[in-house]
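Scroll down for the structure; my scribbles are underneath it.
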Amino acid sequence: DRIAYLRVTQAEGPDAIVAWDIAADTRREVLRDAVVDPEVIYRPDTSTPVGARFLGATPRQVFFDDSSADARLGRMFEQAFPGQAVRIVSATRDASTKVLMATSDVDPGSFYTYDAATKEAAFALARRAGVDPTQMAPMRAVSLPARDGLVLHGYLTRPSGHDNDPLPLVVLPHGGPFGIFDDWAFDPDVQVLAQAGYAVLQINYRGSGNYGRSFRQAGARGWGTTMQDDLTDATRWAIAQGIADAERVCLYGGSYGGYASLMGVAREPALYRCAVGYVGVYDLPLMRADNRRSAAWAGTWTDEWVGNDTAQLSARSPTRLATQI
C-alpha cells in the first residue's frame, strides 16, 4: 500500500515503468527497453503488476523482482517451452491450476493446464491443429533508417529453403494505423504467402504503436506522405539488400493497409508490379465527412490525425489518382 507503478511516456523513445513511492514522493525507473514499449504483466486474476513483456525482435519478460515467485514461474515456463512465448491466460482462485498459452511465429498456439503441486503442464487443445509448425516459415526482425533518419522496425519472412536469393516480395502494411503494430507472432496471411514462394516484409511505419509516444505522434497527418515514404524506403531497402527481386514487388493490406497499398502504386508506379487492397479506405475527404457526421470525437480524431484540408486530402486519395497508377 505504498508503491504505485506508472507507465510513463518519454520525450523520445519507448515508455518506461516507474515506481512511485507515494509516502516519500520519490520515483525510480524500474523497467525500460531501448526500442519497444512495456506491456504490463499482472499476477493472474489480480490487479497486481509484477513485471512487463517487451514485444521486440522476439517477446521477452522482465519482472520487478527477479527472486519473486512470479519471476521463478515465468523462467520455468520459458525453459519448458523454448522458442515460444508463454502467457498465463487464466487461473483458479487458489492459483493451484493455471491455463497457459504457448505461441510462436510458426505456431498459432496451444493451451496447457499447469498443476502447481506437481509442476507439470498437460496439453489441452491446439488453436489450429492442422498447422504443422515445422512446415511454416520463420520471421526475423529487421530495422532500417527512413529517409529522414528515423529508425523503422519490422519483420521479414522468407520461404523455407530460400535464405539468400532475391525473391518476389509482398510488402504487407498493417491496418489501424495509429497505435497498431506488427509483432513476432503467427500470421496466417504471411504464412500463406510464404508457402506460395513470396518473401513478406512487415514494417512498423511511423504512427505505429509499441515504439513510444513520439514515434506514434510522428505519423499524425502523415497519411499518403511520410507514413507512405516509410513503406517506400523499406521496399527500396529490401531490394538493395538482395532480399527482393526488384521486378516483382507487390503491396497488400487491409483497412489502412489497403489504403497504403493503393497509395503506394499511385506514388511509386515504377516500384511495384501490383497492389491489393482489402476493406481499404481510398477517399479521405469522404472518410472525413462520414466521420464528422457519425460523432464529434470521430470528426476531431480525423482532423487531428488525418487532416482537415480538403484539397490536401483529395491529393492523397487513391480514388483521385487512378491515372497515376
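Each chain of the C-alpha cells is named A, B, ... in the order shown, its residues numbered from 1; ligands are numbered from 1 in display order.
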
Counting only C-alpha atoms, what is within 8 Å of Pro59 of chain A, bar same-chain residues fewer than 4 positions away, as JSON, numbers by chain? {"A": [53, 54, 55, 85, 184]}

DSSP on the backbone, then: every residue of segment 68-309 of chain A marked strand (DSSP E or B), written as a ChimeraX atom specification. /A:85-91,97-103,110-115,120-126,139-145,151-157,167-171,199-204,244-254,274-278

Taking a cut-off of 10 Å and counting only C-alpha atoms, can you build a table that, for each residue of segment 178-278 of chain A near segment 104-127 of chain A, reports the nearest atom pair and how far apart they are in Å (one decimal), sorted by chain then residue number, as JSON lines?
```
{"residue": "A:Asp183", "atom": "CA", "partner": "A:Asp105", "partner_atom": "CA", "distance": 9.0}
{"residue": "A:Trp184", "atom": "CA", "partner": "A:Asp105", "partner_atom": "CA", "distance": 5.7}
{"residue": "A:Ala185", "atom": "CA", "partner": "A:Asp105", "partner_atom": "CA", "distance": 4.2}
{"residue": "A:Phe186", "atom": "CA", "partner": "A:Asp105", "partner_atom": "CA", "distance": 4.2}
{"residue": "A:Asp187", "atom": "CA", "partner": "A:Asp105", "partner_atom": "CA", "distance": 7.4}
{"residue": "A:Pro188", "atom": "CA", "partner": "A:Pro108", "partner_atom": "CA", "distance": 8.6}
{"residue": "A:Gln191", "atom": "CA", "partner": "A:Val106", "partner_atom": "CA", "distance": 8.2}
```

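Relative to atom CA of Gly224 of chain A, atom CA of Ala275 of chain A is found at 15.0 Å.
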
Å distance separating atom CA of Val142 of chain A from atom CA of Arg75 of chain A, one decimal place: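 Answer for the atom CA of Val142 of chain A to atom CA of Arg75 of chain A separation: 26.5 Å.
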
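Residue nearest Ser90 of chain A, chosen from A:Phe63, A:Gly51, A:Arg43, A:Trp20 and counting only C-alpha atoms: A:Arg43.
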
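If you count only C-alpha atoms and ignore residues fewer than 4 places along the chain from segment 263-272 of chain A, what sits within 6 Å of it is Val249, Cys250, Tyr259, Pro318, Gln324 and Ile325 of chain A.
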
With N, CA, C and O atoms retained, could you export that selection as a PDB file, in the first residue's frame?
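Final output, result_30.pdb:
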```
ATOM      1  N   VAL A 249       7.660  -6.894 -56.995  1.00  0.00           N
ATOM      2  CA  VAL A 249       7.289  -6.427 -55.661  1.00  0.00           C
ATOM      3  C   VAL A 249       5.831  -5.985 -55.685  1.00  0.00           C
ATOM      4  O   VAL A 249       5.403  -5.258 -56.587  1.00  0.00           O
ATOM      5  N   CYS A 250       5.069  -6.429 -54.692  1.00  0.00           N
ATOM      6  CA  CYS A 250       3.645  -6.100 -54.600  1.00  0.00           C
ATOM      7  C   CYS A 250       3.338  -5.543 -53.215  1.00  0.00           C
ATOM      8  O   CYS A 250       4.039  -5.851 -52.247  1.00  0.00           O
ATOM      9  N   TYR A 259      -5.396   1.137 -47.993  1.00  0.00           N
ATOM     10  CA  TYR A 259      -5.106   2.494 -48.454  1.00  0.00           C
ATOM     11  C   TYR A 259      -3.641   2.626 -48.850  1.00  0.00           C
ATOM     12  O   TYR A 259      -3.308   3.130 -49.934  1.00  0.00           O
ATOM     13  N   PRO A 318      -6.363   7.666 -53.257  1.00  0.00           N
ATOM     14  CA  PRO A 318      -6.179   6.843 -54.455  1.00  0.00           C
ATOM     15  C   PRO A 318      -7.326   6.951 -55.452  1.00  0.00           C
ATOM     16  O   PRO A 318      -7.114   6.815 -56.653  1.00  0.00           O
ATOM     17  N   GLN A 324      -2.458   7.888 -62.257  1.00  0.00           N
ATOM     18  CA  GLN A 324      -1.038   7.759 -61.932  1.00  0.00           C
ATOM     19  C   GLN A 324      -0.619   6.293 -61.767  1.00  0.00           C
ATOM     20  O   GLN A 324       0.573   5.984 -61.710  1.00  0.00           O
ATOM     21  N   ILE A 325      -1.599   5.415 -61.673  1.00  0.00           N
ATOM     22  CA  ILE A 325      -1.275   4.004 -61.423  1.00  0.00           C
ATOM     23  C   ILE A 325      -0.997   3.311 -62.765  1.00  0.00           C
ATOM     24  O   ILE A 325      -1.883   3.263 -63.615  1.00  0.00           O
TER      25      ILE A 325
END
```

Applying 12 Å and only C-alpha atoms, which residues near Asp1 of chain A remain after dropping the ones on its own chain fewer than 6 positions away? List them as number ranges by chain. A: 20-23, 48

Can I get the selection written as a compact mmCIF listing (two decimals), in the first residue's frame, with N, CA and C atoms?
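Once everything was written out, this is again-v8.txt:
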```txt
# COMPACT_ATOMS: atom_id res chain seq x y z
N TRP A 20 6.53 4.74 -8.07
CA TRP A 20 6.32 5.98 -7.32
C TRP A 20 6.03 5.63 -5.86
N ASP A 21 6.94 6.03 -4.98
CA ASP A 21 6.72 5.86 -3.55
C ASP A 21 5.84 7.01 -3.09
N ILE A 22 4.58 6.70 -2.79
CA ILE A 22 3.60 7.75 -2.52
C ILE A 22 3.93 8.50 -1.24
N ALA A 23 4.39 7.77 -0.22
CA ALA A 23 4.67 8.42 1.07
C ALA A 23 5.87 9.36 0.97
N THR A 48 -2.49 -6.76 -9.55
CA THR A 48 -1.14 -6.52 -9.04
C THR A 48 -0.12 -6.67 -10.16
```

Pick out the residues sitting within 7 Å of segment 197-210 of chain A, and hand them over as a PyMOL selection string; count only C-alpha atoms, and ignore anything fewer than 2 positions along from it in its own chain. chain A and resi 36-37+152-159+167-173+177-182+190+193-195+212+215-220+227+230-231

May I have the selected residues written with N, CA, C and O atoms, as a compact mmCIF listing (two decimals), in the first residue's frame?
```txt
# COMPACT_ATOMS: atom_id res chain seq x y z
N VAL A 36 11.26 -0.89 -27.56
CA VAL A 36 9.82 -1.10 -27.56
C VAL A 36 9.19 -0.77 -26.21
O VAL A 36 9.85 -0.76 -25.17
N ASP A 37 7.89 -0.52 -26.25
CA ASP A 37 7.12 -0.20 -25.05
C ASP A 37 6.91 -1.43 -24.17
O ASP A 37 6.91 -2.56 -24.66
N LEU A 152 13.19 2.52 -38.40
CA LEU A 152 11.97 1.73 -38.53
C LEU A 152 12.28 0.27 -38.18
O LEU A 152 13.36 -0.23 -38.51
N HIS A 153 11.33 -0.39 -37.55
CA HIS A 153 11.49 -1.78 -37.18
C HIS A 153 10.36 -2.61 -37.79
O HIS A 153 9.26 -2.12 -37.99
N GLY A 154 10.66 -3.86 -38.07
CA GLY A 154 9.64 -4.73 -38.64
C GLY A 154 10.13 -6.16 -38.70
O GLY A 154 11.08 -6.55 -37.99
N TYR A 155 9.49 -6.93 -39.59
CA TYR A 155 9.77 -8.37 -39.66
C TYR A 155 9.80 -8.82 -41.12
O TYR A 155 8.99 -8.37 -41.94
N LEU A 156 10.71 -9.73 -41.39
CA LEU A 156 10.85 -10.32 -42.72
C LEU A 156 10.62 -11.83 -42.61
O LEU A 156 11.20 -12.48 -41.74
N THR A 157 9.76 -12.34 -43.47
CA THR A 157 9.52 -13.78 -43.53
C THR A 157 9.89 -14.25 -44.93
O THR A 157 9.40 -13.71 -45.92
N ARG A 158 10.76 -15.24 -44.98
CA ARG A 158 11.18 -15.83 -46.26
C ARG A 158 10.75 -17.29 -46.31
O ARG A 158 10.76 -17.97 -45.28
N PRO A 159 10.36 -17.77 -47.49
CA PRO A 159 10.00 -19.19 -47.60
C PRO A 159 11.16 -20.07 -47.14
O PRO A 159 12.33 -19.76 -47.39
N LEU A 167 13.86 -12.76 -53.94
CA LEU A 167 12.55 -13.40 -54.14
C LEU A 167 11.50 -12.36 -54.51
O LEU A 167 11.67 -11.17 -54.24
N PRO A 168 10.40 -12.80 -55.12
CA PRO A 168 9.27 -11.88 -55.25
C PRO A 168 8.82 -11.49 -53.85
O PRO A 168 8.76 -12.34 -52.94
N LEU A 169 8.55 -10.21 -53.66
CA LEU A 169 8.29 -9.68 -52.32
C LEU A 169 6.89 -9.09 -52.23
O LEU A 169 6.45 -8.37 -53.13
N VAL A 170 6.20 -9.38 -51.12
CA VAL A 170 4.95 -8.72 -50.79
C VAL A 170 5.21 -7.83 -49.57
O VAL A 170 5.62 -8.32 -48.52
N VAL A 171 4.99 -6.54 -49.74
CA VAL A 171 5.07 -5.60 -48.62
C VAL A 171 3.68 -5.54 -48.00
O VAL A 171 2.70 -5.24 -48.70
N LEU A 172 3.59 -5.84 -46.72
CA LEU A 172 2.30 -6.03 -46.05
C LEU A 172 2.13 -5.01 -44.92
O LEU A 172 2.46 -5.27 -43.77
N PRO A 173 1.61 -3.80 -45.22
CA PRO A 173 1.40 -2.80 -44.16
C PRO A 173 0.18 -3.15 -43.31
O PRO A 173 -0.85 -3.57 -43.82
N PRO A 177 -4.36 3.12 -38.61
CA PRO A 177 -2.95 2.74 -38.50
C PRO A 177 -2.31 3.05 -37.14
O PRO A 177 -1.32 2.46 -36.77
N PHE A 178 -2.90 4.01 -36.39
CA PHE A 178 -2.18 4.54 -35.23
C PHE A 178 -2.31 3.64 -34.01
O PHE A 178 -3.40 3.24 -33.62
N GLY A 179 -1.17 3.35 -33.41
CA GLY A 179 -1.16 2.54 -32.21
C GLY A 179 -1.15 1.05 -32.47
O GLY A 179 -0.87 0.25 -31.58
N ILE A 180 -1.48 0.62 -33.69
CA ILE A 180 -1.44 -0.78 -34.07
C ILE A 180 -0.01 -1.10 -34.52
O ILE A 180 0.71 -0.23 -35.03
N PHE A 181 0.41 -2.36 -34.36
CA PHE A 181 1.76 -2.71 -34.80
C PHE A 181 1.85 -4.20 -35.09
O PHE A 181 1.07 -5.01 -34.56
N ASP A 182 2.78 -4.55 -35.96
CA ASP A 182 3.11 -5.95 -36.22
C ASP A 182 4.14 -6.40 -35.20
O ASP A 182 5.05 -5.65 -34.84
N VAL A 190 0.67 -14.06 -43.81
CA VAL A 190 2.11 -14.16 -44.07
C VAL A 190 2.48 -15.58 -44.44
O VAL A 190 3.23 -15.82 -45.40
N LEU A 193 1.33 -16.62 -47.96
CA LEU A 193 2.18 -16.02 -49.00
C LEU A 193 3.55 -16.70 -49.04
O LEU A 193 4.09 -16.97 -50.13
N ALA A 194 4.12 -17.01 -47.87
CA ALA A 194 5.42 -17.67 -47.84
C ALA A 194 5.33 -19.07 -48.45
O ALA A 194 6.24 -19.50 -49.17
N GLN A 195 4.24 -19.78 -48.19
CA GLN A 195 4.06 -21.11 -48.77
C GLN A 195 4.00 -21.03 -50.29
O GLN A 195 4.37 -21.98 -50.99
N GLY A 212 6.90 3.97 -28.55
CA GLY A 212 6.90 5.23 -27.83
C GLY A 212 5.94 6.25 -28.42
O GLY A 212 5.53 6.17 -29.58
N PHE A 215 7.14 8.32 -31.56
CA PHE A 215 7.07 7.59 -32.83
C PHE A 215 5.64 7.55 -33.34
O PHE A 215 5.39 7.72 -34.53
N ARG A 216 4.69 7.34 -32.43
CA ARG A 216 3.29 7.33 -32.83
C ARG A 216 2.86 8.72 -33.32
O ARG A 216 2.20 8.85 -34.35
N GLN A 217 3.23 9.75 -32.59
CA GLN A 217 2.86 11.12 -32.97
C GLN A 217 3.50 11.53 -34.30
O GLN A 217 2.96 12.38 -35.01
N ALA A 218 4.63 10.93 -34.64
CA ALA A 218 5.31 11.29 -35.89
C ALA A 218 4.48 10.94 -37.11
O ALA A 218 4.73 11.47 -38.20
N GLY A 219 3.47 10.09 -36.94
CA GLY A 219 2.62 9.73 -38.07
C GLY A 219 1.40 10.63 -38.23
O GLY A 219 0.68 10.51 -39.23
N ALA A 220 1.16 11.54 -37.29
CA ALA A 220 -0.02 12.40 -37.36
C ALA A 220 -0.03 13.19 -38.66
O ALA A 220 0.95 13.83 -39.01
N MET A 227 4.21 8.64 -43.82
CA MET A 227 3.92 7.24 -43.49
C MET A 227 4.11 6.36 -44.73
O MET A 227 4.61 5.24 -44.65
N ASP A 230 7.80 5.79 -45.57
CA ASP A 230 8.44 4.72 -44.79
C ASP A 230 8.31 3.38 -45.50
O ASP A 230 9.27 2.60 -45.54
N LEU A 231 7.15 3.11 -46.09
CA LEU A 231 6.95 1.86 -46.81
C LEU A 231 7.80 1.83 -48.08
O LEU A 231 8.37 0.80 -48.44
```

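Relative to atom CA of Val18 of chain A, atom CA of Asp94 of chain A is found at 29.4 Å.
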
What residues in segment 27-263 of chain A get the DSSP label helix (DSSP H, G or I)? Please answer as a VMD selection string. chain A and resid 69 to 80 133 to 135 188 to 195 213 to 217 226 to 240 256 to 263
